[in-house]
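Chemist: Got a structure for you, target-v8.txt, holding compact mmCIF, C-alpha atoms.
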```txt
# COMPACT_ATOMS: atom_id res chain seq x y z
CA MET A 1 0.00 0.00 0.00
CA ALA A 2 1.10 3.61 -0.14
CA TYR A 3 3.03 5.02 2.80
CA PRO A 4 3.39 8.61 4.07
CA MET A 5 5.67 10.97 2.16
CA GLN A 6 5.92 8.51 -0.67
CA LEU A 7 7.33 10.08 -3.82
CA GLY A 8 7.44 7.29 -6.39
CA PHE A 9 5.51 4.16 -7.19
CA GLN A 10 4.79 1.40 -4.69
CA ASP A 11 7.29 -1.45 -4.80
CA ALA A 12 6.72 -3.85 -7.65
CA THR A 13 5.14 -7.15 -6.80
CA SER A 14 5.04 -8.55 -10.32
CA PRO A 15 7.69 -8.61 -13.06
CA ILE A 16 5.60 -6.38 -15.32
CA MET A 17 5.41 -3.69 -12.66
CA GLU A 18 9.14 -3.90 -12.27
CA GLU A 19 9.54 -3.26 -15.99
CA LEU A 20 7.18 -0.33 -15.70
CA LEU A 21 9.22 1.12 -12.84
CA HIS A 22 12.39 1.02 -14.89
CA PHE A 23 10.62 2.50 -17.89
CA HIS A 24 9.29 5.28 -15.73
CA ASP A 25 12.79 6.03 -14.45
CA HIS A 26 14.09 6.17 -18.00
CA THR A 27 11.31 8.44 -19.26
CA LEU A 28 11.36 10.70 -16.22
CA MET A 29 15.05 11.23 -16.67
CA ILE A 30 14.40 12.41 -20.21
CA VAL A 31 11.62 14.66 -18.96
CA PHE A 32 13.87 16.20 -16.31
CA LEU A 33 16.61 16.78 -18.86
CA ILE A 34 14.28 18.57 -21.24
CA SER A 35 12.63 20.61 -18.48
CA SER A 36 15.88 21.78 -16.97
CA LEU A 37 17.25 22.68 -20.39
CA VAL A 38 14.13 24.71 -21.18
CA LEU A 39 14.16 26.41 -17.77
CA TYR A 40 17.80 27.30 -18.24
CA ILE A 41 17.15 28.78 -21.66
CA ILE A 42 14.21 30.78 -20.33
CA SER A 43 16.34 32.18 -17.54
CA LEU A 44 18.97 33.15 -20.08
CA MET A 45 16.34 34.90 -22.20
CA LEU A 46 15.03 36.84 -19.24
CA THR A 47 18.35 38.06 -17.91
CA THR A 48 20.11 39.39 -20.97
CA LYS A 49 20.55 43.00 -21.95
CA LEU A 50 21.17 42.14 -25.59
CA THR A 51 18.47 42.52 -28.21
CA HIS A 52 18.33 41.27 -31.76
CA THR A 53 15.31 42.28 -33.75
CA SER A 54 16.33 41.27 -37.25
CA THR A 55 16.47 37.49 -37.16
CA MET A 56 15.47 36.13 -40.53
CA ASP A 57 16.07 32.38 -40.24
CA ALA A 58 17.87 29.84 -38.11
CA GLN A 59 18.24 26.78 -40.25
CA GLU A 60 20.81 24.92 -38.18
CA VAL A 61 19.04 25.10 -34.85
CA GLU A 62 15.71 24.41 -36.52
CA THR A 63 17.09 21.20 -37.97
CA ILE A 64 18.50 20.15 -34.61
CA TRP A 65 15.34 20.79 -32.69
CA THR A 66 13.35 18.80 -35.15
CA ILE A 67 15.60 15.77 -35.43
CA LEU A 68 16.53 15.54 -31.76
CA PRO A 69 12.95 15.33 -30.40
CA ALA A 70 12.17 12.70 -33.00
CA ILE A 71 15.08 10.64 -31.72
CA ILE A 72 14.01 11.18 -28.11
CA LEU A 73 10.49 10.07 -28.92
CA ILE A 74 11.78 6.91 -30.54
CA MET A 75 13.88 6.25 -27.45
CA ILE A 76 10.74 6.49 -25.37
CA ALA A 77 8.47 4.59 -27.70
CA LEU A 78 10.60 1.50 -28.14
CA PRO A 79 10.74 0.44 -24.47
CA SER A 80 7.11 1.39 -24.09
CA LEU A 81 5.99 -0.86 -26.90
CA ARG A 82 8.18 -3.63 -25.58
CA ILE A 83 6.39 -3.58 -22.25
CA LEU A 84 3.03 -3.32 -23.94
CA TYR A 85 3.62 -6.50 -25.88
CA MET A 86 5.13 -8.17 -22.84
CA MET A 87 1.84 -7.65 -21.04
CA ASP A 88 0.05 -9.61 -23.75
CA GLU A 89 2.36 -12.59 -23.79
CA ILE A 90 0.90 -16.08 -23.54
CA ASN A 91 1.60 -17.19 -20.02
CA ASN A 92 -0.75 -20.13 -19.38
CA PRO A 93 -2.53 -19.07 -16.23
CA SER A 94 -3.22 -21.74 -13.64
CA LEU A 95 -6.31 -20.10 -12.23
CA THR A 96 -9.09 -17.89 -13.52
CA VAL A 97 -10.93 -15.46 -11.26
CA LYS A 98 -13.82 -13.33 -12.39
CA THR A 99 -14.65 -10.02 -10.86
CA MET A 100 -17.82 -8.06 -11.44
CA GLY A 101 -18.08 -4.40 -10.62
CA HIS A 102 -21.24 -3.15 -9.03
CA GLN A 103 -22.53 0.07 -7.67
CA TRP A 104 -20.49 0.27 -5.35
CA TYR A 105 -18.62 -2.93 -4.53
CA TRP A 106 -16.78 -5.76 -6.24
CA SER A 107 -17.86 -9.37 -6.39
CA TYR A 108 -15.52 -12.25 -7.13
CA GLU A 109 -16.15 -15.66 -8.62
CA TYR A 110 -13.79 -18.62 -8.50
CA THR A 111 -15.53 -21.08 -10.78
CA ASP A 112 -12.69 -23.28 -12.08
CA TYR A 113 -13.41 -26.22 -9.86
CA GLU A 114 -16.32 -25.37 -7.57
CA ASP A 115 -18.71 -22.44 -7.47
CA LEU A 116 -17.30 -19.90 -5.09
CA SER A 117 -18.47 -16.33 -5.18
CA PHE A 118 -18.65 -13.51 -2.67
CA ASP A 119 -19.02 -9.75 -2.44
CA SER A 120 -16.32 -7.40 -1.22
CA TYR A 121 -17.48 -4.21 0.47
CA MET A 122 -15.35 -1.49 1.98
CA ILE A 123 -15.20 -1.43 5.78
CA PRO A 124 -16.60 1.95 6.92
CA THR A 125 -14.31 4.13 9.01
CA SER A 126 -16.43 3.69 12.13
CA GLU A 127 -15.99 -0.09 12.01
CA LEU A 128 -12.27 -0.24 11.46
CA LYS A 129 -10.11 -2.22 13.86
CA PRO A 130 -7.14 -0.33 15.31
CA GLY A 131 -4.29 -0.02 12.87
CA GLU A 132 -6.36 -0.73 9.75
CA LEU A 133 -6.18 1.56 6.75
CA ARG A 134 -9.06 3.98 6.28
CA LEU A 135 -10.97 3.63 2.97
CA LEU A 136 -8.82 0.68 1.94
CA GLU A 137 -9.93 -2.33 3.96
CA VAL A 138 -12.63 -4.71 2.76
CA ASP A 139 -14.65 -7.37 4.50
CA ASN A 140 -13.79 -10.24 2.10
CA ARG A 141 -10.34 -10.09 0.56
CA VAL A 142 -9.43 -11.71 -2.75
CA VAL A 143 -7.20 -14.57 -1.73
CA LEU A 144 -4.91 -15.82 -4.48
CA PRO A 145 -1.96 -18.18 -4.67
CA MET A 146 1.38 -16.43 -4.96
CA GLU A 147 4.02 -17.16 -7.62
CA MET A 148 1.34 -18.51 -9.93
CA THR A 149 -0.11 -16.86 -12.99
CA VAL A 150 -3.74 -15.94 -12.47
CA ARG A 151 -6.09 -14.77 -15.19
CA MET A 152 -8.51 -12.04 -14.10
CA LEU A 153 -11.67 -11.55 -16.11
CA ILE A 154 -13.19 -8.22 -15.29
CA SER A 155 -16.66 -7.02 -16.12
CA SER A 156 -19.48 -5.09 -14.56
CA GLU A 157 -23.14 -5.43 -13.76
CA ASP A 158 -24.17 -1.79 -13.94
CA VAL A 159 -21.66 1.07 -13.75
CA LEU A 160 -18.18 1.43 -15.27
CA PRO A 161 -15.66 1.08 -12.47
CA SER A 162 -12.03 0.10 -13.00
CA TRP A 163 -10.18 -2.67 -11.18
CA ALA A 164 -6.75 -1.46 -10.21
CA VAL A 165 -3.91 -2.76 -8.04
CA PRO A 166 -0.89 -0.44 -8.39
CA SER A 167 1.80 -2.69 -6.92
CA LEU A 168 1.01 -5.35 -9.50
CA GLY A 169 0.77 -2.81 -12.30
CA LEU A 170 -2.86 -3.65 -13.01
CA LYS A 171 -5.66 -1.40 -14.09
CA THR A 172 -8.52 -2.68 -16.20
CA ASP A 173 -11.88 -1.08 -16.82
CA ALA A 174 -14.99 -3.06 -15.94
CA ILE A 175 -17.45 -2.57 -18.75
CA PRO A 176 -20.96 -4.00 -18.66
CA GLY A 177 -21.44 -6.53 -21.40
CA ARG A 178 -17.72 -6.94 -22.02
CA LEU A 179 -15.04 -9.24 -20.62
CA ASN A 180 -11.65 -7.63 -20.11
CA GLN A 181 -8.76 -9.88 -19.30
CA THR A 182 -5.56 -9.24 -17.40
CA THR A 183 -2.99 -11.55 -15.88
CA LEU A 184 -1.49 -11.37 -12.48
CA MET A 185 1.66 -12.90 -11.04
CA SER A 186 2.94 -11.99 -7.61
CA THR A 187 6.50 -12.72 -6.55
CA ARG A 188 5.88 -12.38 -2.84
CA PRO A 189 3.06 -12.93 -0.35
CA GLY A 190 1.19 -10.17 1.39
CA LEU A 191 -1.70 -7.75 1.17
CA PHE A 192 -1.91 -5.53 -1.89
CA TYR A 193 -4.38 -2.68 -1.98
CA GLY A 194 -6.01 -0.88 -4.85
CA GLN A 195 -8.91 1.47 -5.40
CA CYS A 196 -11.60 1.83 -8.03
CA SER A 197 -10.08 3.87 -10.83
CA GLU A 198 -12.97 5.11 -12.92
CA ILE A 199 -15.69 7.44 -11.77
CA CYS A 200 -18.79 5.37 -11.25
CA GLY A 201 -21.09 7.28 -8.98
CA SER A 202 -21.26 8.65 -5.50
CA ASN A 203 -19.27 5.90 -3.78
CA HIS A 204 -16.60 5.59 -6.40
CA SER A 205 -13.94 6.43 -3.82
CA PHE A 206 -15.27 3.82 -1.44
CA MET A 207 -14.94 0.53 -3.28
CA PRO A 208 -11.38 -0.67 -2.79
CA ILE A 209 -9.73 -3.91 -3.81
CA VAL A 210 -7.54 -5.99 -1.50
CA LEU A 211 -5.57 -8.96 -2.78
CA GLU A 212 -4.22 -11.40 -0.26
CA LEU A 213 -1.43 -13.42 -1.85
CA VAL A 214 -0.64 -16.63 0.05
CA PRO A 215 1.18 -19.89 -0.61
CA LEU A 216 -0.83 -22.43 -2.54
CA LYS A 217 -1.80 -24.65 0.34
CA TYR A 218 -3.20 -21.75 2.33
CA PHE A 219 -5.18 -20.78 -0.75
CA GLU A 220 -6.61 -24.26 -1.01
CA LYS A 221 -7.55 -24.24 2.66
CA TRP A 222 -9.19 -20.86 2.30
CA SER A 223 -11.21 -21.73 -0.76
CA ALA A 224 -12.41 -24.92 0.91
CA SER A 225 -13.47 -22.92 3.95
CA MET A 226 -15.33 -20.36 1.85
CA LEU A 227 -17.50 -22.88 0.05
CA MET B 1 18.07 68.54 -17.48
CA THR B 2 16.55 69.27 -20.83
CA GLY B 3 18.76 70.79 -23.47
CA SER B 4 15.96 72.89 -24.83
CA SER B 5 12.32 73.22 -23.97
CA ARG B 6 9.76 71.57 -26.15
CA THR B 7 7.41 73.82 -28.00
CA GLY B 8 4.24 72.06 -29.05
CA ASN B 9 2.81 74.62 -31.38
CA GLU B 10 0.74 72.79 -33.94
CA GLY B 11 -2.23 74.18 -35.77
CA GLY B 12 -2.51 77.32 -33.76
CA ASP B 13 -2.80 75.83 -30.29
CA ASP B 14 -0.97 77.80 -27.65
CA GLY B 15 -0.51 74.86 -25.34
CA ARG B 16 -3.45 75.71 -23.07
CA ARG B 17 -5.19 72.86 -21.29
CA LEU B 18 -8.31 71.08 -22.48
CA THR B 19 -11.47 72.86 -21.41
CA LEU B 20 -14.97 71.56 -21.14
CA GLN B 21 -15.70 73.24 -24.45
CA ASP B 22 -13.10 71.14 -26.23
CA ILE B 23 -14.48 67.95 -24.73
CA LEU B 24 -18.00 68.87 -25.78
CA ASP B 25 -16.72 69.64 -29.26
CA SER B 26 -15.04 66.31 -29.53
CA ILE B 27 -18.15 64.48 -28.33
CA GLN B 28 -20.25 66.45 -30.76
CA GLU B 29 -17.92 65.69 -33.63
CA THR B 30 -17.86 61.99 -32.87
CA TRP B 31 -21.63 61.89 -32.46
CA VAL B 32 -22.16 63.68 -35.75
CA VAL B 33 -19.71 61.40 -37.51
CA PHE B 34 -21.53 58.31 -36.33
CA TRP B 35 -25.01 59.02 -37.58
CA LEU B 36 -24.28 60.84 -40.84
CA PRO B 37 -24.30 58.67 -43.98
CA PRO B 38 -20.77 57.88 -45.26
CA SER B 39 -20.61 60.33 -48.15
CA LEU B 40 -21.76 63.13 -45.96
CA LYS B 41 -19.34 61.94 -43.31
CA MET B 42 -16.42 62.21 -45.73
CA SER B 43 -17.23 65.69 -46.85
CA PHE B 44 -17.88 66.72 -43.30
CA ARG B 45 -14.45 65.51 -42.21
CA ALA B 46 -12.78 67.07 -45.24
CA ALA B 47 -14.35 70.39 -44.48
CA TRP B 48 -13.42 70.03 -40.86
CA SER B 49 -9.75 69.26 -41.44
CA LEU B 50 -9.58 72.11 -43.92
CA THR B 51 -10.88 74.39 -41.22
CA LEU B 52 -8.33 73.05 -38.81
CA ARG B 53 -5.46 73.47 -41.18
CA LYS B 54 -6.31 77.04 -41.88
CA GLY B 55 -6.38 77.67 -38.17
CA GLY B 56 -9.99 78.74 -38.43
CA LEU B 57 -12.43 78.73 -35.54
CA GLY B 58 -9.61 79.99 -33.40
CA ILE B 59 -8.20 77.34 -31.11
CA ARG B 60 -11.28 75.11 -31.07
CA GLY B 61 -11.30 71.45 -31.95
CA ILE B 62 -7.60 71.01 -32.42
CA HIS B 63 -6.71 68.33 -29.86
CA THR B 64 -9.67 66.02 -30.22
CA PRO B 65 -9.44 62.32 -29.49
CA GLY B 66 -10.53 61.74 -33.07
CA SER B 67 -7.04 62.45 -34.45
CA THR B 68 -5.12 59.72 -36.21
CA ALA B 69 -1.73 58.50 -35.16
CA HIS B 70 -0.06 60.23 -38.10
CA GLY B 71 -1.98 63.47 -37.79
CA LYS B 72 -0.15 66.60 -36.92
CA GLU B 73 -2.52 67.32 -34.05
CA LYS B 74 -0.99 65.74 -30.99
CA MET B 75 -1.00 66.59 -27.32
CA PRO B 76 1.99 65.70 -25.19
CA PRO B 77 3.06 62.99 -24.61
CA TYR B 78 1.56 61.57 -27.81
CA THR B 79 4.30 62.04 -30.40
CA ASN B 80 5.89 60.17 -33.25
CA TYR B 81 8.97 59.61 -31.14
CA HIS B 82 8.93 56.06 -29.85
CA ALA B 83 12.31 54.88 -28.69
CA GLN B 84 12.82 51.65 -26.76
CA ARG B 85 15.82 49.73 -25.65
CA SER B 86 15.25 47.36 -28.56
CA TYR B 87 14.61 50.16 -31.06
CA PRO B 88 16.92 52.93 -29.90
CA MET B 89 17.12 55.15 -32.99
CA PRO B 90 13.64 56.14 -34.15
CA ASP B 91 13.23 57.95 -37.45
CA GLU B 92 11.90 61.19 -36.04
CA PRO B 93 13.98 63.30 -33.70
CA PHE B 94 12.63 64.13 -30.27
CA CYS B 95 12.27 67.83 -30.86
CA MET B 96 10.45 68.53 -34.09
CA GLU B 97 9.97 72.25 -33.75
CA LEU B 98 13.17 74.14 -33.26
CA ASN B 99 13.56 77.73 -32.27
CA ALA B 100 16.01 79.99 -34.06
CA GLU B 101 18.91 79.12 -31.82
CA GLN B 102 18.36 75.41 -32.30
CA ARG B 103 18.02 75.81 -36.04
CA ALA B 104 21.33 77.59 -36.13
CA LEU B 105 22.89 74.73 -34.22
CA LYS B 106 21.51 72.23 -36.72
CA GLU B 107 23.10 74.25 -39.52
CA LYS B 108 26.41 74.17 -37.68
CA GLU B 109 26.02 70.39 -37.33
CA LYS B 110 26.18 70.10 -41.11
CA GLY B 111 29.76 71.22 -41.01
CA SER B 112 32.70 69.50 -39.40
CA TRP B 113 31.87 68.11 -36.02
CA THR B 114 35.24 69.02 -34.58
CA GLN B 115 33.99 72.61 -34.56
CA LEU B 116 31.25 71.76 -32.10
CA SER B 117 31.86 72.39 -28.42
CA HIS B 118 30.96 69.75 -25.87
CA ALA B 119 27.89 71.67 -24.74
CA GLU B 120 26.73 71.94 -28.34
CA LYS B 121 27.12 68.21 -28.87
CA VAL B 122 25.05 67.56 -25.77
CA ALA B 123 22.44 70.03 -26.98
CA LEU B 124 22.27 68.25 -30.34
CA TYR B 125 21.91 64.91 -28.56
CA ARG B 126 19.05 66.27 -26.47
CA LEU B 127 17.33 67.54 -29.60
CA GLN B 128 17.52 64.15 -31.21
CA PHE B 129 16.81 61.88 -28.23
CA HIS B 130 14.55 62.10 -25.21
CA GLU B 131 16.79 60.20 -22.77
CA THR B 132 20.28 58.81 -22.72
CA PHE B 133 20.76 55.08 -22.40
CA ALA B 134 21.66 55.47 -18.77
CA GLU B 135 18.48 57.44 -18.11
CA MET B 136 16.38 55.00 -20.14
CA ASN B 137 17.70 51.99 -18.24
CA ARG B 138 17.48 53.49 -14.79
CA ARG B 139 16.13 51.35 -12.02
CA SER B 140 12.97 52.17 -10.15
CA ASN B 141 11.39 51.39 -6.81
CA GLU B 142 8.47 49.58 -8.40
CA TRP B 143 9.63 46.22 -7.10
CA LYS B 144 9.05 47.32 -3.53
CA THR B 145 5.43 48.17 -4.30
CA VAL B 146 4.92 44.89 -6.12
CA MET B 147 6.46 42.75 -3.41
CA GLY B 148 4.54 44.63 -0.76
CA CYS B 149 1.24 43.96 -2.48
CA VAL B 150 2.17 40.30 -3.04
CA PHE B 151 2.94 39.79 0.65
CA PHE B 152 -0.17 41.65 1.67
CA PHE B 153 -2.40 39.39 -0.39
CA CYS B 154 -0.53 36.30 0.77
CA GLY B 155 -1.19 37.37 4.32
CA PHE B 156 -4.84 38.00 3.57
CA THR B 157 -5.10 34.56 2.00
CA GLY B 158 -3.52 33.11 5.10
CA LEU B 159 -6.21 34.73 7.19
CA LEU B 160 -8.91 33.28 4.99
CA ILE B 161 -7.39 29.81 5.19
CA TRP B 162 -7.10 29.99 8.98
CA TRP B 163 -10.73 31.02 9.26
CA GLN B 164 -11.71 28.13 7.01
CA ARG B 165 -9.80 25.62 9.12
CA VAL B 166 -11.47 26.83 12.29
CA TYR B 167 -15.05 27.33 11.13
CA VAL B 168 -15.60 25.20 8.01
CA PHE B 169 -13.59 21.95 8.05
CA PRO B 170 -15.23 18.89 9.65
CA LYS B 171 -13.71 16.82 12.42
CA LYS B 172 -10.62 14.79 11.50
CA PRO B 173 -11.18 11.02 11.26
CA ILE B 174 -9.97 8.77 14.06
CA THR B 175 -7.29 7.29 11.81
CA LEU B 176 -5.28 10.49 11.97
CA THR B 177 -4.56 10.33 15.68
CA ASP B 178 -0.99 9.51 16.65
CA GLU B 179 -2.02 6.27 18.30
CA TRP B 180 -3.81 4.97 15.25
CA LYS B 181 -0.98 6.04 12.97
CA ALA B 182 1.50 4.14 15.14
CA GLN B 183 -0.65 1.00 15.02
CA GLN B 184 -1.01 1.41 11.27
CA LEU B 185 2.72 1.68 10.86
CA GLN B 186 3.27 -1.41 12.96
CA ARG B 187 0.78 -3.32 10.83
CA THR B 188 2.45 -2.15 7.62
CA LEU B 189 5.83 -3.27 8.90
CA ASP B 190 4.41 -6.59 10.04
CA MET B 191 3.04 -7.34 6.58
CA LYS B 192 6.29 -6.09 5.04
CA GLY B 193 4.62 -3.54 2.81
CA ASN B 194 7.01 -2.18 0.16
CA PRO B 195 10.02 -4.22 1.31
CA VAL B 196 12.22 -3.55 -1.72
CA GLN B 197 12.84 0.19 -1.65
CA GLY B 198 9.90 1.56 0.30
CA LEU B 199 8.84 1.71 3.89
CA ALA B 200 9.61 -1.79 5.18
CA SER B 201 13.01 -1.72 3.51
CA ARG B 202 14.03 1.05 5.90
CA TRP B 203 13.15 -0.97 9.03
CA ASP B 204 15.73 -3.19 10.62
CA TYR B 205 13.75 -6.27 11.66
CA GLU B 206 16.52 -7.74 13.81
CA ARG B 207 17.15 -4.71 15.92
CA LYS B 208 13.56 -3.51 15.73
CA GLU B 209 14.49 0.04 14.81
CA TRP B 210 14.86 2.16 11.74
CA LYS B 211 17.92 1.47 9.69
CA LYS B 212 20.64 4.06 10.06
```
I'd like the structure from this file rewritten - as structure tokens, please.
Modeler:
Amino acid sequence: MAYPMQLGFQDATSPIMEELLHFHDHTLMIVFLISSLVLYIISLMLTTKLTHTSTMDAQEVETIWTILPAIILIMIALPSLRILYMMDEINNPSLTVKTMGHQWYWSYEYTDYEDLSFDSYMIPTSELKPGELRLLEVDNRVVLPMEMTVRMLISSEDVLPSWAVPSLGLKTDAIPGRLNQTTLMSTRPGLFYGQCSEICGSNHSFMPIVLELVPLKYFEKWSASML
Amino acid sequence: MTGSSRTGNEGGDDGRRLTLQDILDSIQETWVVFWLPPSLKMSFRAAWSLTLRKGGLGIRGIHTPGSTAHGKEKMPPYTNYHAQRSYPMPDEPFCMELNAEQRALKEKEKGSWTQLSHAEKVALYRLQFHETFAEMNRRSNEWKTVMGCVFFFCGFTGLLIWWQRVYVFPKKPITLTDEWKAQQLQRTLDMKGNPVQGLASRWDYERKEWKK
């Protein structure tokens, strides 16, 4: 989850998120370079006593500041496309979980072997136990096995929320009448929080998502207990 | 400071101030111009400027706001002399109308400049230009006014925000008390949230303290 005074992304829990972190570092560095160059040039412009009112053309610098941004854009686009295609790789998920967005909660269905489904509502602030996170805790968490590829099928019953878990690099819109797929692979156990990421009504800010990643045998015990 | 005084003597005006009569004239002229049909408007204006040029009607109607930028009728400081730091040598000199003494000086300028005394060179400069570069680029105390107003409004905004915090904002939720925040932190560390580079990575689990 996020922590106070955090500046960057949450730590990556899946390999894709790790790639995204590195890509963000790369792109942000380019952004900082360009911004500081532009700020420097502006400060030069504002603090000079020289004037030159008869400039006709500037062919050399025009060529440079056309070619160089094109090169920079290619340097950003190539890693970006690489990650985009990496997200769509065939990875043979071992488990499929369906989540349906409602107004204003999520419901989950584990229907591979048995029929398990439950709703997941946010815990209101007045009912929180000491030390829990406000607006982030839910009554029924989504328990999943760690270090295994899981396919998430995301759709909605009424509104258009979005199912997002930042530390896994996931964000997928839930559209009524449509099945959106995303895959999930966590490298470590723990609780991973996310919040609805598309405006869907008055309680849009109050329908979080909590994934509880556990070793496989705990998952099996849990799913047996939930049936 | 000035090398020679400016004489603004165009079209018969003796430099007296605008009176109510002039303002009424200008309003009347503009009003007439608006509702007359175009052809009549043209002839009206032609007749009017003819009158002006001949100096007729005494000193009436000379410095009306209806003048054009290139017209000869101008009140100070509206002139054709527009010098800026980026355009330091305008076409027209600063002093257009010269008295006899100044005209004599201009004649002398046509000869060899070594004949001119220092005072004469300065006088010629003052005829041609309104201010020297040093005068044009002089600093001012405007920044003090600006900063003062900025700080004043920042302070006023601070007052508004303080009032808002006291009288408008609702009660803070229980999760913002120190006790709850401590329990939250303990829970986050227990579940090893962000153990790679984030929060839990800065906690030393053996010694149960923050890493140095």
Chemist: Using only C-alpha atoms, which residue out of A:Leu179, A:Ile90, A:Ile67, A:Ala2 lies closest to chain B?
Modeler: A:Ala2
Chemist: Mind pulling up the distance from atom CA of Leu105 of chain B to atom CA of His118 of chain B?
Modeler: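 It comes out at 12.6 Å.
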Chemist: Tell me, counting all atoms listed in the file, for each residue of chain A within 10 Å of chain B, which pair of atoms is nearest and how far apart they are in Å to one decimal, in rows ordered by chain and increasing number, as a Markdown table.
Modeler:
```
| residue | atom | partner | partner_atom | distance |
| --- | --- | --- | --- | --- |
| A:Met1 | CA | B:Gly193 | CA | 6.5 |
| A:Ala2 | CA | B:Asn194 | CA | 8.3 |
| A:Tyr3 | CA | B:Leu199 | CA | 6.8 |
| A:Pro4 | CA | B:Leu199 | CA | 8.8 |
| A:Met5 | CA | B:Leu199 | CA | 9.9 |
| A:Gln6 | CA | B:Gly198 | CA | 8.1 |
| A:Leu7 | CA | B:Gly198 | CA | 9.8 |
| A:Gly8 | CA | B:Gly198 | CA | 9.1 |
| A:Phe9 | CA | B:Gly198 | CA | 9.1 |
| A:Gln10 | CA | B:Asn194 | CA | 6.4 |
| A:Asp11 | CA | B:Asn194 | CA | 5.0 |
| A:Ala12 | CA | B:Asn194 | CA | 8.0 |
| A:Thr13 | CA | B:Asn194 | CA | 8.8 |
| A:Lys49 | CA | B:Arg85 | CA | 9.0 |
| A:Leu50 | CA | B:Ser86 | CA | 8.4 |
| A:Thr51 | CA | B:Ser86 | CA | 5.8 |
| A:His52 | CA | B:Ser86 | CA | 7.5 |
| A:Thr53 | CA | B:Ser86 | CA | 7.3 |
| A:Thr125 | CA | B:Pro173 | CA | 7.9 |
| A:Ser126 | CA | B:Ile174 | CA | 8.4 |
| A:Leu128 | CA | B:Thr175 | CA | 9.0 |
| A:Lys129 | CA | B:Trp180 | CA | 9.7 |
| A:Pro130 | CA | B:Trp180 | CA | 6.3 |
| A:Gly131 | CA | B:Gln184 | CA | 3.9 |
| A:Glu132 | CA | B:Gln184 | CA | 6.0 |
| A:Leu133 | CA | B:Gln184 | CA | 6.9 |
| A:Arg134 | CA | B:Thr175 | CA | 6.7 |
| A:Ser167 | CA | B:Asn194 | CA | 8.8 |
| A:Pro189 | CA | B:Met191 | CA | 8.9 |
| A:Gly190 | CA | B:Met191 | CA | 6.2 |
| A:Leu191 | CA | B:Met191 | CA | 7.2 |
| A:Phe192 | CA | B:Gly193 | CA | 8.3 |
```
Chemist: Distance atom CA of Leu116 of chain A-atom CA of Ser223 of chain A, one decimal place?
Modeler: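 Rounded to one decimal, the two atoms are 7.7 Å apart.
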Chemist: Contacts of Ser156 of chain A at 10 Å or less, counting all atoms listed in the file, minus same-chain residues fewer than 6 places along, as JSON, numbers by chain?
Modeler: {"A": [99, 100, 101, 102, 103, 106, 107, 162, 173, 174, 175, 176, 177, 178, 179, 180]}
Chemist: Taking 2 positions as the minimum chain separation for residues in the same chain, which residues sit within 6 Å of segment 92-102 of chain B when counting all atoms listed in the file? Answer as a PyMOL selection string.
Modeler: chain B and resi 81+90+104-105+127-130
Chemist: Nearest to Ser94 of chain A among A:Arg151, A:His204, A:Arg82, A:Lys217, with distances taken over all atoms listed in the file: which residue is it?
Modeler: A:Arg151
Chemist: Atom CA of Met146 of chain A and atom CA of Leu184 of chain A are how many Å apart?
Modeler: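 Rounded to one decimal, the two atoms are 9.5 Å apart.
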Chemist: For the point (-10.1, -20.4, 0.5) in file coordinates, what residues are within 12 Å, counting only C-alpha atoms? Give the answer as a list in words?
Modeler: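 Within the cut-off we find Glu109, Tyr110, Glu114, Asp115, Leu116, Ser117, Phe118, Asn140, Arg141, Val142, Val143, Leu144, Pro145, Glu212, Leu213, Val214, Pro215, Leu216, Lys217, Tyr218, Phe219, Glu220, Lys221, Trp222, Ser223, Ala224, Ser225, Met226 and Leu227 of chain A.
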Chemist: So that I have them on file, write out the residues from the current selection with C-alpha atoms, as a compact mmCIF listing (two decimals), keeping the file's coordinate frame.
Modeler:
```txt
# COMPACT_ATOMS: atom_id res chain seq x y z
CA GLU A 109 -16.15 -15.66 -8.62
CA TYR A 110 -13.79 -18.62 -8.50
CA GLU A 114 -16.32 -25.37 -7.57
CA ASP A 115 -18.71 -22.44 -7.47
CA LEU A 116 -17.30 -19.90 -5.09
CA SER A 117 -18.47 -16.33 -5.18
CA PHE A 118 -18.65 -13.51 -2.67
CA ASN A 140 -13.79 -10.24 2.10
CA ARG A 141 -10.34 -10.09 0.56
CA VAL A 142 -9.43 -11.71 -2.75
CA VAL A 143 -7.20 -14.57 -1.73
CA LEU A 144 -4.91 -15.82 -4.48
CA PRO A 145 -1.96 -18.18 -4.67
CA GLU A 212 -4.22 -11.40 -0.26
CA LEU A 213 -1.43 -13.42 -1.85
CA VAL A 214 -0.64 -16.63 0.05
CA PRO A 215 1.18 -19.89 -0.61
CA LEU A 216 -0.83 -22.43 -2.54
CA LYS A 217 -1.80 -24.65 0.34
CA TYR A 218 -3.20 -21.75 2.33
CA PHE A 219 -5.18 -20.78 -0.75
CA GLU A 220 -6.61 -24.26 -1.01
CA LYS A 221 -7.55 -24.24 2.66
CA TRP A 222 -9.19 -20.86 2.30
CA SER A 223 -11.21 -21.73 -0.76
CA ALA A 224 -12.41 -24.92 0.91
CA SER A 225 -13.47 -22.92 3.95
CA MET A 226 -15.33 -20.36 1.85
CA LEU A 227 -17.50 -22.88 0.05
```
Chemist: Excluding same-chain residues fewer than 3 positions from segment 29-39 of chain A, what lies within 10 Å of it counting all atoms listed in the file, as a ChimeraX atom specification?
Modeler: /A:23-26,42-45,69,72-73,75-76
Chemist: Under the rule that all atoms listed in the file are counted, which of A:Leu170, A:Ser202, A:Lys98, A:Glu127 is the nearest residue to Leu153 of chain A?
Modeler: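 So, comparing all the options, the nearest one is A:Lys98.
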Chemist: As a list in words, please: the residues near Leu136 of chain A (cut-off 10 Å, only C-alpha atoms, same-chain neighbours under 2 positions excluded).
Modeler: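 These residues fall inside the cut-off: Met1, Met122, Ile123, Pro124, Thr125, Glu132, Leu133, Arg134, Val138, Tyr193, Gly194, Gln195, Ser205, Phe206, Met207, Pro208, Ile209 and Val210 of chain A.
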